[in-house]
>>> print(open('final.txt').read())   # compact mmCIF, C-alpha atoms
# COMPACT_ATOMS: atom_id res chain seq x y z
CA ARG W 2 42.63 81.16 42.33
CA THR W 3 40.29 78.20 42.05
CA THR W 4 37.50 80.67 41.35
CA GLY W 5 39.58 82.47 38.68
CA CYS W 6 40.26 81.58 35.10
CA ASP W 7 43.05 80.99 32.63
CA ALA W 8 44.03 83.32 29.79
CA SER W 9 42.48 80.82 27.39
CA ASP W 10 39.09 81.40 29.04
CA ILE W 11 39.40 85.16 28.63
CA TYR W 12 40.24 84.83 24.93
CA ALA W 13 37.47 82.28 24.33
CA PHE W 14 34.76 84.33 26.02
CA ALA W 15 35.95 87.55 24.43
CA TYR W 16 35.75 85.87 21.03
CA LEU W 17 32.22 84.65 21.70
CA ASN W 18 31.24 88.16 22.70
CA SER W 19 32.90 89.62 19.57
CA ILE W 20 30.76 87.46 17.28
CA GLY W 21 27.54 88.70 18.86
CA ILE W 22 26.95 86.47 21.88
CA ASN W 23 26.20 88.77 24.78
CA TRP W 24 27.52 88.21 28.29
CA ASP W 25 24.16 87.01 29.65
CA LYS W 26 24.14 84.21 27.09
CA ILE W 27 27.76 83.37 27.86
CA ARG W 28 26.79 83.02 31.53
CA LEU W 29 24.01 80.64 30.49
CA ILE W 30 26.53 78.58 28.54
CA LEU W 31 28.84 78.41 31.56
CA ASP W 32 25.95 77.42 33.83
CA ALA W 33 24.96 74.64 31.44
CA PHE W 34 28.53 73.47 30.67
CA PRO W 35 30.76 74.55 33.58
CA VAL W 36 33.60 72.23 32.63
CA ILE W 37 34.40 74.10 29.41
CA SER W 38 36.39 76.59 31.47
CA PHE W 39 39.94 75.96 32.64
CA CYS W 40 40.46 74.05 35.91
CA ASP W 41 43.03 75.99 37.94
CA SER W 42 45.18 73.86 40.26
CA GLU W 43 46.50 76.81 42.27
CA PRO W 44 44.37 77.46 45.37
CA ALA W 45 42.95 80.85 46.22
CA TRP W 46 44.57 82.70 49.11
CA GLU W 47 41.78 81.70 51.50
CA LEU W 48 42.92 78.09 51.13
CA LEU W 49 46.61 78.74 51.68
CA ASP W 50 46.76 77.39 55.21
CA ASN W 51 50.05 75.98 56.48
CA LYS W 52 48.20 73.35 58.49
CA ASN W 53 46.31 71.99 55.50
CA ARG W 54 48.94 72.63 52.82
CA ILE W 55 46.34 72.39 50.12
CA GLY W 56 48.70 73.79 47.51
CA ASN W 57 51.01 70.78 47.90
CA ASN W 58 48.18 68.25 47.84
CA LEU W 59 46.13 69.43 44.89
CA LYS W 60 45.79 66.77 42.21
CA THR W 61 44.86 68.34 38.90
CA ASP W 62 43.65 65.09 37.33
CA ALA W 63 41.36 64.46 40.32
CA LEU W 64 39.94 68.00 40.22
CA VAL W 65 39.28 67.74 36.50
CA PHE W 66 37.60 64.37 37.01
CA LEU W 67 35.43 65.75 39.82
CA ARG W 68 34.36 68.72 37.71
CA LYS W 69 33.38 66.46 34.81
CA ARG W 70 31.78 63.77 36.96
CA LEU W 71 29.55 66.25 38.79
CA GLN W 72 29.41 68.96 36.09
CA ILE W 73 30.50 71.69 38.50
CA SER W 74 32.40 74.95 38.14
CA ASN W 75 35.66 76.26 39.58
CA SER W 76 33.73 78.25 42.16
CA ASP W 77 31.95 75.06 43.25
CA LEU W 78 35.32 73.34 43.75
CA PHE W 79 36.56 76.33 45.74
CA ALA W 80 33.51 76.25 48.03
CA MET W 81 33.86 72.49 48.54
CA MET W 82 37.54 72.74 49.50
CA LYS W 83 36.81 75.54 51.95
CA THR W 84 34.52 73.24 53.92
CA HIS W 85 36.43 69.99 53.32
CA SER W 86 40.11 70.70 52.74
CA ARG W 87 41.04 67.01 52.47
CA LEU W 88 39.17 66.96 49.18
CA ALA W 89 42.34 68.25 47.54
CA SER W 90 44.29 65.10 48.41
CA TYR W 91 41.84 62.49 47.08
CA GLY W 92 42.72 60.59 43.94
CA VAL W 93 40.51 59.29 41.16
CA SER W 94 40.72 55.50 40.96
CA GLY W 95 40.95 54.93 44.71
CA GLY W 96 38.96 57.95 45.75
CA PHE W 97 36.35 59.89 43.81
CA LEU W 98 35.48 57.23 41.22
CA PRO W 99 34.44 54.31 43.48
CA LYS W 100 32.94 56.53 46.19
CA LEU W 101 30.77 58.65 43.91
CA ASN W 102 29.68 55.58 41.96
CA ALA W 103 28.75 53.77 45.19
CA ILE W 104 26.78 56.70 46.62
CA GLN W 105 24.91 57.21 43.37
CA SER W 106 24.08 53.56 42.72
CA ARG W 107 23.15 52.54 46.28
CA LEU W 108 20.88 55.54 46.79
CA ASN W 109 19.61 55.49 43.21
CA LEU W 110 20.50 59.12 42.64
CA SER W 111 20.54 60.91 39.33
CA THR W 112 23.71 62.77 38.40
CA ARG W 113 22.03 66.06 39.30
CA GLU W 114 20.92 64.68 42.68
CA LEU W 115 24.43 63.36 43.35
CA GLN W 116 25.83 66.78 42.48
CA ARG W 117 23.56 68.50 44.99
CA VAL W 118 24.42 66.03 47.75
CA VAL W 119 28.18 66.39 47.24
CA LEU W 120 28.07 70.18 46.92
CA ARG W 121 26.20 70.48 50.21
CA MET W 122 28.25 67.81 52.02
CA PRO W 123 31.68 67.41 50.32
CA SER W 124 32.93 65.18 53.12
CA VAL W 125 30.83 62.28 51.77
CA THR W 126 33.58 61.85 49.17
CA GLY W 127 35.83 60.62 51.98
CA MET W 128 33.54 58.03 53.56
CA SER W 129 34.24 54.32 53.19
CA VAL W 130 32.04 52.49 50.70
CA ASP W 131 33.53 48.98 50.56
CA SER W 132 32.08 46.49 53.04
CA THR W 133 33.78 43.28 54.05
CA SER W 134 32.51 40.13 55.74
CA GLN W 135 33.84 41.47 59.05
CA LYS W 136 32.86 45.12 58.81
CA MET W 137 30.19 47.16 57.06
CA SER W 138 31.33 50.33 55.32
CA ALA W 139 30.26 53.74 56.62
CA LEU W 140 27.92 54.18 53.65
CA ASP W 141 26.35 50.74 53.91
CA GLY W 142 26.05 51.06 57.69
CA ARG W 143 23.98 54.22 57.44
CA ILE W 144 21.85 52.87 54.63
CA ASP W 145 21.21 49.72 56.66
CA PHE W 146 20.24 51.83 59.70
CA PHE W 147 17.69 53.89 57.80
CA LEU W 148 16.18 50.95 55.93
CA ASN W 149 16.08 48.38 58.74
CA GLU W 150 15.91 50.37 61.99
CA ALA W 151 14.19 53.61 60.95
CA ARG W 152 12.04 51.65 58.47
CA LEU W 153 12.39 54.11 55.60
CA SER W 154 11.74 52.86 52.11
CA PRO W 155 14.53 53.35 49.54
CA VAL W 156 12.47 56.16 48.00
CA ASP W 157 11.97 57.84 51.39
CA LEU W 158 15.68 57.52 52.17
CA LYS W 159 16.61 59.11 48.87
CA GLU W 160 14.26 62.02 49.56
CA ALA W 161 15.55 62.49 53.10
CA ILE W 162 19.20 62.53 52.02
CA ALA W 163 18.42 64.96 49.20
CA LYS W 164 17.04 67.32 51.86
CA GLN W 165 19.73 66.62 54.46
CA PRO W 166 22.94 65.11 53.01
CA SER W 167 24.56 65.21 56.45
CA LEU W 168 22.49 62.11 57.30
CA LEU W 169 25.28 60.19 55.58
CA GLN W 170 27.82 61.61 58.03
CA TYR W 171 26.02 61.41 61.38
CA SER W 172 27.28 58.79 63.81
CA ILE W 173 24.79 55.94 64.17
CA ASN W 174 25.45 55.29 67.86
CA SER W 175 25.81 58.83 69.17
CA THR W 176 23.48 60.77 66.88
CA LEU W 177 21.04 58.75 64.77
CA ARG W 178 19.96 55.95 67.08
CA PRO W 179 19.36 58.20 70.15
CA LYS W 180 17.04 60.44 68.08
CA LEU W 181 15.20 57.39 66.77
CA ASP W 182 14.78 56.13 70.35
CA PHE W 183 13.52 59.56 71.38
CA LEU W 184 10.77 59.48 68.77
CA ILE W 185 9.78 55.85 69.32
CA LYS W 186 10.35 55.30 73.04
CA GLU W 187 9.93 58.73 74.64
CA LEU W 188 7.17 60.08 72.40
CA ALA W 189 5.64 56.66 71.65
CA ILE W 190 5.39 57.36 67.93
CA GLU W 191 4.83 54.28 65.80
CA GLU W 192 7.56 53.24 63.36
CA ASP W 193 5.49 54.00 60.26
CA SER W 194 4.93 57.54 61.46
CA VAL W 195 8.59 57.94 62.42
CA SER W 196 9.66 57.16 58.87
CA ARG W 197 7.31 59.86 57.58
CA ILE W 198 8.72 62.35 60.09
CA ILE W 199 12.30 61.62 58.99
CA ARG W 200 11.35 61.92 55.34
CA ALA W 201 9.58 65.25 55.89
CA ALA W 202 12.05 66.82 58.36
CA PRO W 203 15.34 64.86 58.32
CA ALA W 204 17.20 67.72 60.04
CA ILE W 205 15.54 66.60 63.30
CA LEU W 206 18.11 63.80 63.50
CA GLY W 207 20.93 66.31 63.78
CA LEU W 208 19.46 68.28 66.69
CA SER W 209 20.62 67.92 70.28
CA LEU W 210 18.34 65.93 72.56
CA GLU W 211 19.26 67.80 75.74
CA GLN W 212 19.58 71.30 74.29
CA ASN W 213 16.87 71.22 71.67
CA LEU W 214 14.33 68.41 71.33
CA ARG W 215 13.48 67.59 74.95
CA PRO W 216 13.19 71.27 76.02
CA LYS W 217 10.64 71.87 73.24
CA VAL W 218 8.52 68.95 74.32
CA ALA W 219 8.79 70.01 77.98
CA LEU W 220 7.70 73.58 77.14
CA LEU W 221 4.62 72.40 75.26
CA GLN W 222 3.73 70.11 78.14
CA ASP W 223 4.08 72.86 80.74
CA GLU W 224 2.67 75.84 78.86
CA CYS W 225 -0.15 74.02 77.08
CA ASN W 226 -0.95 71.18 79.45
CA LEU W 227 -0.49 68.62 76.70
CA SER W 228 0.25 64.95 77.20
CA THR W 229 3.14 63.20 75.51
CA GLN W 230 0.72 61.47 73.14
CA GLU W 231 -0.94 64.77 72.19
CA ILE W 232 2.45 66.30 71.41
CA ALA W 233 3.39 63.21 69.43
CA ASN W 234 0.24 63.57 67.33
CA MET W 235 1.12 67.20 66.63
CA ILE W 236 4.62 66.20 65.51
CA ILE W 237 3.24 63.48 63.25
CA THR W 238 0.96 66.08 61.64
CA VAL W 239 3.61 68.84 61.42
CA PRO W 240 7.14 67.40 61.88
CA ALA W 241 8.64 70.86 61.35
CA ILE W 242 7.52 71.78 64.88
CA LEU W 243 10.67 70.11 66.21
CA LEU W 244 12.80 72.28 63.93
CA LEU W 245 11.42 75.57 65.27
CA SER W 246 13.56 77.74 67.52
CA LEU W 247 12.36 77.56 71.10
CA LYS W 248 13.25 81.17 71.98
CA ARG W 249 12.65 82.86 68.63
CA LYS W 250 9.59 80.97 67.41
CA ILE W 251 7.68 78.75 69.84
CA GLU W 252 7.73 80.93 72.96
CA PRO W 253 6.84 84.19 71.11
CA CYS W 254 4.02 82.41 69.27
CA LEU W 255 2.55 81.01 72.49
CA ASP W 256 2.82 84.40 74.20
CA PHE W 257 1.13 86.11 71.26
CA LEU W 258 -1.75 83.62 71.15
CA ARG W 259 -2.20 83.76 74.90
CA THR W 260 -2.34 87.57 74.94
CA GLU W 261 -4.22 88.38 71.74
CA LEU W 262 -6.82 85.62 71.99
CA ARG W 263 -7.18 85.97 75.77
CA LEU W 264 -6.46 82.33 76.44
CA PHE W 265 -6.24 82.43 80.21
CA SER W 266 -5.59 78.76 80.89
CA PRO W 267 -2.97 76.29 79.57
CA GLU W 268 -5.83 74.00 78.57
CA GLU W 269 -7.31 76.61 76.21
CA LEU W 270 -3.95 77.28 74.60
CA GLY W 271 -3.25 73.57 74.30
CA HIS W 272 -6.63 72.91 72.74
CA LEU W 273 -5.94 75.55 70.09
CA ILE W 274 -2.50 74.35 69.01
CA GLN W 275 -3.55 70.72 69.22
CA ARG W 276 -6.31 71.38 66.69
CA SER W 277 -4.08 73.63 64.54
CA PRO W 278 -0.44 72.68 65.22
CA ARG W 279 0.73 74.44 62.07
CA ILE W 280 0.00 77.74 63.77
CA LEU W 281 3.31 77.37 65.64
CA THR W 282 5.21 77.62 62.35
CA HIS W 283 3.79 81.03 61.52
CA GLY W 284 5.73 84.18 62.32
CA VAL W 285 4.20 86.47 64.93
CA TYR W 286 4.90 89.62 62.94
CA THR W 287 4.65 88.26 59.41
CA SER W 288 1.65 85.92 59.58
CA LEU W 289 -0.26 86.10 62.85
>>> encode(input="final.txt", output="structure tokens")
Amino acid sequence: RTTGCDASDIYAFAYLNSIGINWDKIRLILDAFPVISFCDSEPAWELLDNKNRIGNNLKTDALVFLRKRLQISNSDLFAMMKTHSRLASYGVSGGFLPKLNAIQSRLNLSTRELQRVVLRMPSVTGMSVDSTSQKMSALDGRIDFFLNEARLSPVDLKEAIAKQPSLLQYSINSTLRPKLDFLIKELAIEEDSVSRIIRAAPAILGLSLEQNLRPKVALLQDECNLSTQEIANMIITVPAILLLSLKRKIEPCLDFLRTELRLFSPEELGHLIQRSPRILTHGVYTSL
């Protein structure tokens, strides 16, 4: 019942209502000060999994700390534990406190920004944050990658992580670095432009090279007779092109333009989207 409440909450809210505060205003109070409600340490039935045994691992003091530190509600805690069940077993002094402080300070996040990152990616509360002379922590390793290899500024990195908190969880060797190599080596995009692409569309780094990114580039080359450099220039202008669905967005858009505008050659179609690459982001039925 992490999303439920205690009898004390019922009495308190009923009293507020009895003295003239309507329920809409009470909801506003709860939204502004979520920690005034009781923190239930008994999990809802959805979390009662024998494999995870959340009920036996819940630490009330840690949950209360997390609610106060991030200013979140019971329902937020419930949602976080559904996606990251190990959250229930973390402590305060050796868990939430140093990790949240490290993430906030090293990325220069406000408390509200930290809240949004953790709510969207609760597993960041379990990453290592303490580096040693022999080994860099998971947090410092990713920050170092983005600042020194991807050439993002601290401000750009903060913006990218705010948009895509999972950047803090992606493997450097199997996920991040191959996508960086794809942009720099395969598409020949300069480092300064790559940093702008990551800042604008950080979700690109989580897409599959074989199943997603390379097929999109290959389709544009084949259907529009575009060179790698021409496609790279389009991506620099509109990074979101790489986020579009190949089957549901790019192919239908190209078919529509080819048919409706009577573009009979790949060169004509390529000339159009090269001059106006944003046209690929428009819906066939809603915009075009």
>>> atom_distance(input="final.txt", atom1="CA of Ser111 (chain W)", atom2="CA of Leu168 (chain W)")
18.1 Å
>>> closest_residue(input="final.txt", among="W:Leu255, W:Leu281, W:Ile173, W:Ile199", to="Glu269 (chain W)", atoms="only C-alpha atoms")
W:Leu255
>>> closest_residue(input="final.txt", among="W:Glu224, W:Asp157, W:Glu231, W:Glu252", to="Gly284 (chain W)", atoms="all atoms listed in the file")
W:Glu252
>>> closest_residue(input="final.txt", among="W:Ala204, W:Ile198, W:Arg107, W:Ala189", to="Gln230 (chain W)", atoms="only C-alpha atoms")
W:Ala189
>>> residues_around(input="final.txt", residues="His272 (chain W)", least_positions_apart="4", cutoff="8 Å", atoms="all atoms listed in the file", output="PyMOL selection string")
chain W and resi 225+268+276
